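Let me begin by presenting the structure, written as structure tokens, before commenting on it.
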Amino acid sequence: MQLGITIDMSGPHPKLDMDRVLEAERLGFHQVWTGEAYSTDAVTPVAWILARTTKIKAGTGIMQMPARTPACAAMTVLSLQALSGNRFICGIGPSGPQVVEGWHGVPFGKPMQRTKEYIAIIKQVLAREKPLEFHGDQYDIPYTGPGASGLGRPLRSIAHGNPDVSFFTASITPAGLRTAGEVADGNLPIFFSPDAPEVVTGPTLEGRKKAGKTMAGFDNAPFVRAKMGPDIAACRDAIRPELALYIGGMGARSKNFYNDMVSKMGFEADAKVIQDLYLDGKKTEAAAKVPDKLIDAISLVGPAEMIRDRLQAWKAVARDGHVGTMVLKGASVDVMRVVAEAVL
């Protein structure tokens with residue numbers, strides 16, 4: 001099992017913790033991931049990280065597809081691969097309807113079809129077998145629709161890129177997981193329990209089979225929240241608010257993908273209570289209702305010895321092919337060192 005970390009630049013005063021990135025590289029971590037919501041973007045910090053490191057790979061987890069044309073994303077891949085010695089990982093995803101329509105001001109549309117077409121177009125650009133031409137359900141290149149000038153013509157990338165770049169999605173719905181298995185090289189599920197790996201890997205395997213592939217070579221890289229300390233209750237409490245936000249507030253009552261996923265893990269009643277409280281404005285009460293069992297299932301919490309013990313379950317599912325990389329989210333340097341010593 002490989003290791004990765006996330007680097008968070010959210011908040012009113014964004015800052016990139018390069019000391020933690022450099023320590024991850026020294027410890028032998030394989031990946032570092034940056035994200036975007038409706039604040040800082042994912043690409044700029046990746047470029048910064050790649051410029052200041054020599055071995056670790058850096059990926060966008062994720063670039064929001066509605067924010068960029070596929071050709072723009074392909075140009076980003078070409079640039080970062082060339083500048084980093086092929087250490088860039090292309091993570092893309094549809095985001096959610098609240099961000100897509102409320103922030104980017106474009107239709108949410110068909111996220112699975114968009115994902116398939118988006119990756120296919122980037123791969124065409126990188127392959128350079130012929131000038132880019134693609135006419136699908138979501139993208140029309142060269143554009144021929146309403147308002148077209150008629151002057152567009154297929155173009156071939158001037159730069160010669162590396163067609164072997166890895167594509168990751170951040171899928172959690174069954175349809176998204178099947179799509180990831182079908183067209184991507186890896187996935188970044190925000191929740192994963194080694195006690196119920198089939199919630200993620202079952203649909204992923206269906207997608208792999210549809211594409212005539214096995215799970216071999218597919219990097220399932222779940223985000224794993226980590227909080228180490230002698231007080232187990234305090235460690236759990238540090239994680240509760242974020243889980244309550246996702247389970248309760250990231251989406252409408254009728255459409256919350258994170259709530260659905262936690263329900264499939266066996267916490268359906270808890271997920272409903274958390275959502276009801278959160279959407280009623282009772283965020284503190286919602287966080288208090290996040291069960292210890294869920295936190296322990298999808299996170300690493302408590303003293304170092306407790307974390308080392310829990311890592312055995314993660315290593316076991318990795319041996320079974322359910323996990324390729326454990327991506328630590330919000331981990332301190334001390335946690336990174338404990339996990340690296342136990343895993344690498």
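Within each chain, counting starts at residue 1; across the structure tokens, chains are named A, B, ... in the order shown, with ligands numbered 1 upward in that order.
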Closest atom pairs, stretch 2-75 of chain A residues within 9 Å of stretch 220-232 of chain A, only C-alpha atoms, as a tab-separated table:
residue	atom	partner	partner_atom	distance
A:Gln2	CA	A:Ala221	CA	8.8
A:Leu3	CA	A:Ala221	CA	8.7
A:Gly4	CA	A:Ala221	CA	8.3
A:Ile5	CA	A:Phe223	CA	8.2
A:Thr6	CA	A:Phe223	CA	8.1
Keeping only N, CA, C and O atoms, take the residues you just selected and write them out as a PDB file, in the first residue's frame.
ATOM      1  N   GLN A   2       0.637   2.128  -0.939  1.00  0.00           N
ATOM      2  CA  GLN A   2       1.347   3.396  -0.995  1.00  0.00           C
ATOM      3  C   GLN A   2       0.650   4.412  -0.091  1.00  0.00           C
ATOM      4  O   GLN A   2      -0.493   4.200   0.338  1.00  0.00           O
ATOM      5  N   LEU A   3       1.324   5.536   0.149  1.00  0.00           N
ATOM      6  CA  LEU A   3       0.764   6.584   0.985  1.00  0.00           C
ATOM      7  C   LEU A   3       0.719   7.910   0.247  1.00  0.00           C
ATOM      8  O   LEU A   3       1.567   8.206  -0.598  1.00  0.00           O
ATOM      9  N   GLY A   4      -0.281   8.713   0.584  1.00  0.00           N
ATOM     10  CA  GLY A   4      -0.411  10.057   0.047  1.00  0.00           C
ATOM     11  C   GLY A   4      -0.938  10.977   1.127  1.00  0.00           C
ATOM     12  O   GLY A   4      -1.340  10.536   2.210  1.00  0.00           O
ATOM     13  N   ILE A   5      -0.938  12.271   0.835  1.00  0.00           N
ATOM     14  CA  ILE A   5      -1.533  13.246   1.751  1.00  0.00           C
ATOM     15  C   ILE A   5      -2.343  14.244   0.927  1.00  0.00           C
ATOM     16  O   ILE A   5      -2.143  14.381  -0.281  1.00  0.00           O
ATOM     17  N   THR A   6      -3.242  14.927   1.596  1.00  0.00           N
ATOM     18  CA  THR A   6      -3.922  16.070   1.002  1.00  0.00           C
ATOM     19  C   THR A   6      -3.345  17.341   1.608  1.00  0.00           C
ATOM     20  O   THR A   6      -2.888  17.354   2.758  1.00  0.00           O
TER      21      THR A   6
END
- Message: Based on the backbone DSSP call, show me all residues of stretch 83-160 of chain A assigned alpha helix (DSSP H), as number ranges by chain.
- Response: A: 83-84, 97-102, 111-127
Proximity check stretch 159-193 of chain A to stretch 265-282 of chain A, 10 Å, nearest pairs one decimal Å, only C-alpha atoms, as a tab-separated table:
residue	atom	partner	partner_atom	distance
A:Phe191	CA	A:Met265	CA	9.6
A:Phe192	CA	A:Met265	CA	8.7
A:Ser193	CA	A:Met265	CA	7.7
- Query: Near A:Ala58, within 10 Å and counting only C-alpha atoms, which residues show up once chain neighbours fewer than 5 positions away are dropped, as a list of chain:residue names?
  - Reply: A:Gly4, A:Ile5, A:Thr6, A:Val21, A:His30, A:Gln31, A:Val32, A:Trp33, A:Thr34, A:Val43, A:Pro45, A:Val46, A:Ala47, A:Trp48, A:Ile49, A:Leu50, A:Thr53, A:Leu80, A:Ser84, A:Asn86, A:Arg87, A:Phe88, A:Ile89, A:Cys90, A:Gly91
- Item | A:Asp237, A:Glu23, A:Asp137, A:Asp185 ranked by distance to A:Pro291, top pick (using only C-alpha atoms) |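 Between A:Asp237, A:Glu23, A:Asp137, A:Asp185, the residue approaching A:Pro291 most closely is A:Asp237.
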- Item | Residue among A:Asp292, A:Glu341, A:Asp164, A:Glu242 lying closest to A:Ile307, counting only C-alpha atoms | A:Glu341
- Item | Residue contacts of A:Gln312 (12 Å, only C-alpha atoms) excluding same-chain residues fewer than 3 positions away, as a ChimeraX atom specification | /A:1,194-195,300,305-309,315-319,339,342-343
- Message: What's around stretch 258-260 of chain A at 8 Å? Count only C-alpha atoms, leave out sequence neighbours fewer than 2 positions away in its own chain, and write the answer as an MDAnalysis selection string.
- Response: chainID A and resid 172:173 246:248 250 256 262:264 268 271:272 275
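The space separating atom CA of A:Trp314 from atom CA of A:Gly93 comes to 25.5 Å.
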- DSSP on the backbone: what in stretch 130-315 of chain A comes out strand (DSSP E or B), as a PyMOL selection string? chain A and resi 134-135+140-141+167-169+186-187+219-220+223-228+252+255+299-302
Could you please take those selected residues and save N, CA and C atoms as a PDB file, in the first residue's frame?
ATOM      1  N   PHE A 134     -13.958  15.916 -31.938  1.00  0.00           N
ATOM      2  CA  PHE A 134     -14.793  15.128 -31.039  1.00  0.00           C
ATOM      3  C   PHE A 134     -16.207  15.671 -31.085  1.00  0.00           C
ATOM      4  N   HIS A 135     -17.146  14.811 -31.357  1.00  0.00           N
ATOM      5  CA  HIS A 135     -18.552  15.222 -31.402  1.00  0.00           C
ATOM      6  C   HIS A 135     -19.349  14.263 -30.529  1.00  0.00           C
ATOM      7  N   ASP A 140     -18.546  19.350 -28.367  1.00  0.00           N
ATOM      8  CA  ASP A 140     -18.573  19.410 -29.830  1.00  0.00           C
ATOM      9  C   ASP A 140     -17.330  20.186 -30.281  1.00  0.00           C
ATOM     10  N   ILE A 141     -16.312  19.462 -30.768  1.00  0.00           N
ATOM     11  CA  ILE A 141     -15.030  20.070 -31.139  1.00  0.00           C
ATOM     12  C   ILE A 141     -14.616  19.614 -32.546  1.00  0.00           C
ATOM     13  N   PHE A 167      -5.193   9.150 -14.854  1.00  0.00           N
ATOM     14  CA  PHE A 167      -6.425   9.898 -14.619  1.00  0.00           C
ATOM     15  C   PHE A 167      -7.137   9.340 -13.391  1.00  0.00           C
ATOM     16  N   PHE A 168      -7.483  10.238 -12.471  1.00  0.00           N
ATOM     17  CA  PHE A 168      -8.234   9.858 -11.282  1.00  0.00           C
ATOM     18  C   PHE A 168      -9.558  10.612 -11.277  1.00  0.00           C
ATOM     19  N   THR A 169     -10.582   9.994 -10.695  1.00  0.00           N
ATOM     20  CA  THR A 169     -11.825  10.689 -10.401  1.00  0.00           C
ATOM     21  C   THR A 169     -12.000  10.723  -8.881  1.00  0.00           C
ATOM     22  N   GLY A 186      -7.601   5.493 -11.470  1.00  0.00           N
ATOM     23  CA  GLY A 186      -7.700   5.495 -10.025  1.00  0.00           C
ATOM     24  C   GLY A 186      -8.881   6.323  -9.575  1.00  0.00           C
ATOM     25  N   ASN A 187      -9.155   6.256  -8.275  1.00  0.00           N
ATOM     26  CA  ASN A 187     -10.290   6.983  -7.717  1.00  0.00           C
ATOM     27  C   ASN A 187      -9.932   7.465  -6.318  1.00  0.00           C
ATOM     28  N   ASP A 219      -5.723   2.258  -9.031  1.00  0.00           N
ATOM     29  CA  ASP A 219      -5.338   2.770  -7.720  1.00  0.00           C
ATOM     30  C   ASP A 219      -6.544   3.354  -6.999  1.00  0.00           C
ATOM     31  N   ASN A 220      -7.153   2.556  -6.141  1.00  0.00           N
ATOM     32  CA  ASN A 220      -8.211   3.057  -5.281  1.00  0.00           C
ATOM     33  C   ASN A 220      -7.528   3.746  -4.102  1.00  0.00           C
ATOM     34  N   PHE A 223      -9.474   8.907   0.837  1.00  0.00           N
ATOM     35  CA  PHE A 223      -9.066   9.909   1.809  1.00  0.00           C
ATOM     36  C   PHE A 223      -9.358   9.363   3.212  1.00  0.00           C
ATOM     37  N   VAL A 224      -8.356   9.414   4.077  1.00  0.00           N
ATOM     38  CA  VAL A 224      -8.494   8.888   5.435  1.00  0.00           C
ATOM     39  C   VAL A 224      -8.113   9.989   6.424  1.00  0.00           C
ATOM     40  N   ARG A 225      -9.094  10.480   7.173  1.00  0.00           N
ATOM     41  CA  ARG A 225      -8.827  11.516   8.163  1.00  0.00           C
ATOM     42  C   ARG A 225      -8.021  10.930   9.311  1.00  0.00           C
ATOM     43  N   ALA A 226      -7.051  11.684   9.793  1.00  0.00           N
ATOM     44  CA  ALA A 226      -6.161  11.172  10.833  1.00  0.00           C
ATOM     45  C   ALA A 226      -5.977  12.206  11.933  1.00  0.00           C
ATOM     46  N   LYS A 227      -6.194  11.777  13.154  1.00  0.00           N
ATOM     47  CA  LYS A 227      -6.001  12.655  14.312  1.00  0.00           C
ATOM     48  C   LYS A 227      -5.409  11.817  15.447  1.00  0.00           C
ATOM     49  N   MET A 228      -4.186  12.146  15.844  1.00  0.00           N
ATOM     50  CA  MET A 228      -3.492  11.355  16.859  1.00  0.00           C
ATOM     51  C   MET A 228      -3.387  12.122  18.165  1.00  0.00           C
ATOM     52  N   ALA A 252     -28.607  18.927  -1.182  1.00  0.00           N
ATOM     53  CA  ALA A 252     -29.985  19.092  -0.729  1.00  0.00           C
ATOM     54  C   ALA A 252     -30.447  17.847   0.024  1.00  0.00           C
ATOM     55  N   LYS A 255     -30.778  15.086  -2.334  1.00  0.00           N
ATOM     56  CA  LYS A 255     -29.638  14.748  -3.192  1.00  0.00           C
ATOM     57  C   LYS A 255     -28.337  15.095  -2.482  1.00  0.00           C
ATOM     58  N   SER A 299     -11.571   6.498   9.610  1.00  0.00           N
ATOM     59  CA  SER A 299     -10.502   7.409  10.017  1.00  0.00           C
ATOM     60  C   SER A 299      -9.439   6.658  10.807  1.00  0.00           C
ATOM     61  N   LEU A 300      -8.370   7.368  11.134  1.00  0.00           N
ATOM     62  CA  LEU A 300      -7.345   6.883  12.059  1.00  0.00           C
ATOM     63  C   LEU A 300      -7.317   7.847  13.231  1.00  0.00           C
ATOM     64  N   VAL A 301      -7.721   7.375  14.405  1.00  0.00           N
ATOM     65  CA  VAL A 301      -7.833   8.261  15.562  1.00  0.00           C
ATOM     66  C   VAL A 301      -7.245   7.605  16.805  1.00  0.00           C
ATOM     67  N   GLY A 302      -6.806   8.470  17.735  1.00  0.00           N
ATOM     68  CA  GLY A 302      -6.351   7.986  19.029  1.00  0.00           C
ATOM     69  C   GLY A 302      -4.847   7.946  19.162  1.00  0.00           C
TER      70      GLY A 302
END
- If you measure from atom CA of A:Ala42 to atom CA of A:Gln98, what distance in Å do you get, rounded to one decimal? 18.4 Å
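Counting from atom CA of A:Gly35, the distance to atom CA of A:Ser79 is 18.6 Å.
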- Skipping near chain neighbours, those fewer than 3 positions away, what residues fall within 12 Å of A:Asp19 using only C-alpha atoms, listed as a PyMOL selection string? chain A and resi 7+15-16+22-26+49+52-53+332-333
Could you save the residues just selected, with N, CA, C and O atoms, as a short mmCIF file (atom, residue, chain, number, x, y, z; two decimals), in the first residue's frame?
data_model
loop_
_atom_site.label_atom_id
_atom_site.label_comp_id
_atom_site.auth_asym_id
_atom_site.auth_seq_id
_atom_site.Cartn_x
_atom_site.Cartn_y
_atom_site.Cartn_z
N ILE A 7 -3.34 18.40 0.81
CA ILE A 7 -2.93 19.72 1.29
C ILE A 7 -4.12 20.66 1.12
O ILE A 7 -4.62 20.83 0.01
N LYS A 15 -3.03 29.26 2.76
CA LYS A 15 -1.59 29.07 2.92
C LYS A 15 -1.25 27.63 2.58
O LYS A 15 -1.99 26.70 2.94
N LEU A 16 -0.13 27.43 1.90
CA LEU A 16 0.30 26.09 1.50
C LEU A 16 1.41 25.63 2.44
O LEU A 16 2.46 26.26 2.53
N LEU A 22 7.23 18.50 2.01
CA LEU A 22 8.63 18.08 1.94
C LEU A 22 8.91 16.93 2.90
O LEU A 22 9.70 16.03 2.58
N GLU A 23 8.25 16.92 4.05
CA GLU A 23 8.41 15.81 4.98
C GLU A 23 7.77 14.54 4.41
O GLU A 23 8.32 13.44 4.56
N ALA A 24 6.63 14.69 3.76
CA ALA A 24 6.00 13.53 3.11
C ALA A 24 6.93 12.94 2.06
O ALA A 24 7.09 11.70 1.97
N GLU A 25 7.56 13.79 1.28
CA GLU A 25 8.50 13.30 0.27
C GLU A 25 9.68 12.59 0.93
O GLU A 25 10.10 11.51 0.48
N ARG A 26 10.20 13.14 2.01
CA ARG A 26 11.33 12.52 2.71
C ARG A 26 10.96 11.16 3.28
O ARG A 26 11.77 10.22 3.26
N ILE A 49 3.92 22.93 -5.76
CA ILE A 49 4.48 21.74 -5.12
C ILE A 49 5.48 21.04 -6.05
O ILE A 49 6.58 20.66 -5.63
N ARG A 52 8.86 22.59 -6.21
CA ARG A 52 9.70 22.57 -5.01
C ARG A 52 10.02 21.16 -4.51
O ARG A 52 10.58 20.98 -3.43
N THR A 53 9.63 20.15 -5.27
CA THR A 53 9.92 18.76 -4.92
C THR A 53 10.63 18.08 -6.09
O THR A 53 10.71 18.63 -7.20
N SER A 332 -1.15 15.44 10.77
CA SER A 332 0.02 16.16 11.25
C SER A 332 1.27 15.39 10.83
O SER A 332 1.21 14.22 10.42
N VAL A 333 2.42 16.04 10.96
CA VAL A 333 3.69 15.37 10.64
C VAL A 333 3.88 14.16 11.54
O VAL A 333 4.37 13.11 11.10
#
- Which is closest to A:Arg128 among A:Pro66, A:Gly321, A:Pro163, A:Pro12, if we use only C-alpha atoms?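 Of A:Pro66, A:Gly321, A:Pro163, A:Pro12, the one nearest A:Arg128 is A:Pro163, counting only C-alpha atoms.
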- Task: Considering only C-alpha atoms, state which residue in the set A:Leu126, A:Ala67, A:Leu177, A:Met336 is at the smallest distance from A:Met112.
- Result: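 With only C-alpha atoms as the atom set, the closest residue is A:Leu177.
Shortest atom-to-atom contact with A:Phe218 among A:Ala37, A:Cys235, A:Met261, A:Leu188: A:Leu188, counting only C-alpha atoms.
Take the candidates A:Ala238, A:Val99, A:Ala127, A:Ala287 and check each one against A:Ala331 using only C-alpha atoms; the shortest distance goes to A:Ala238.
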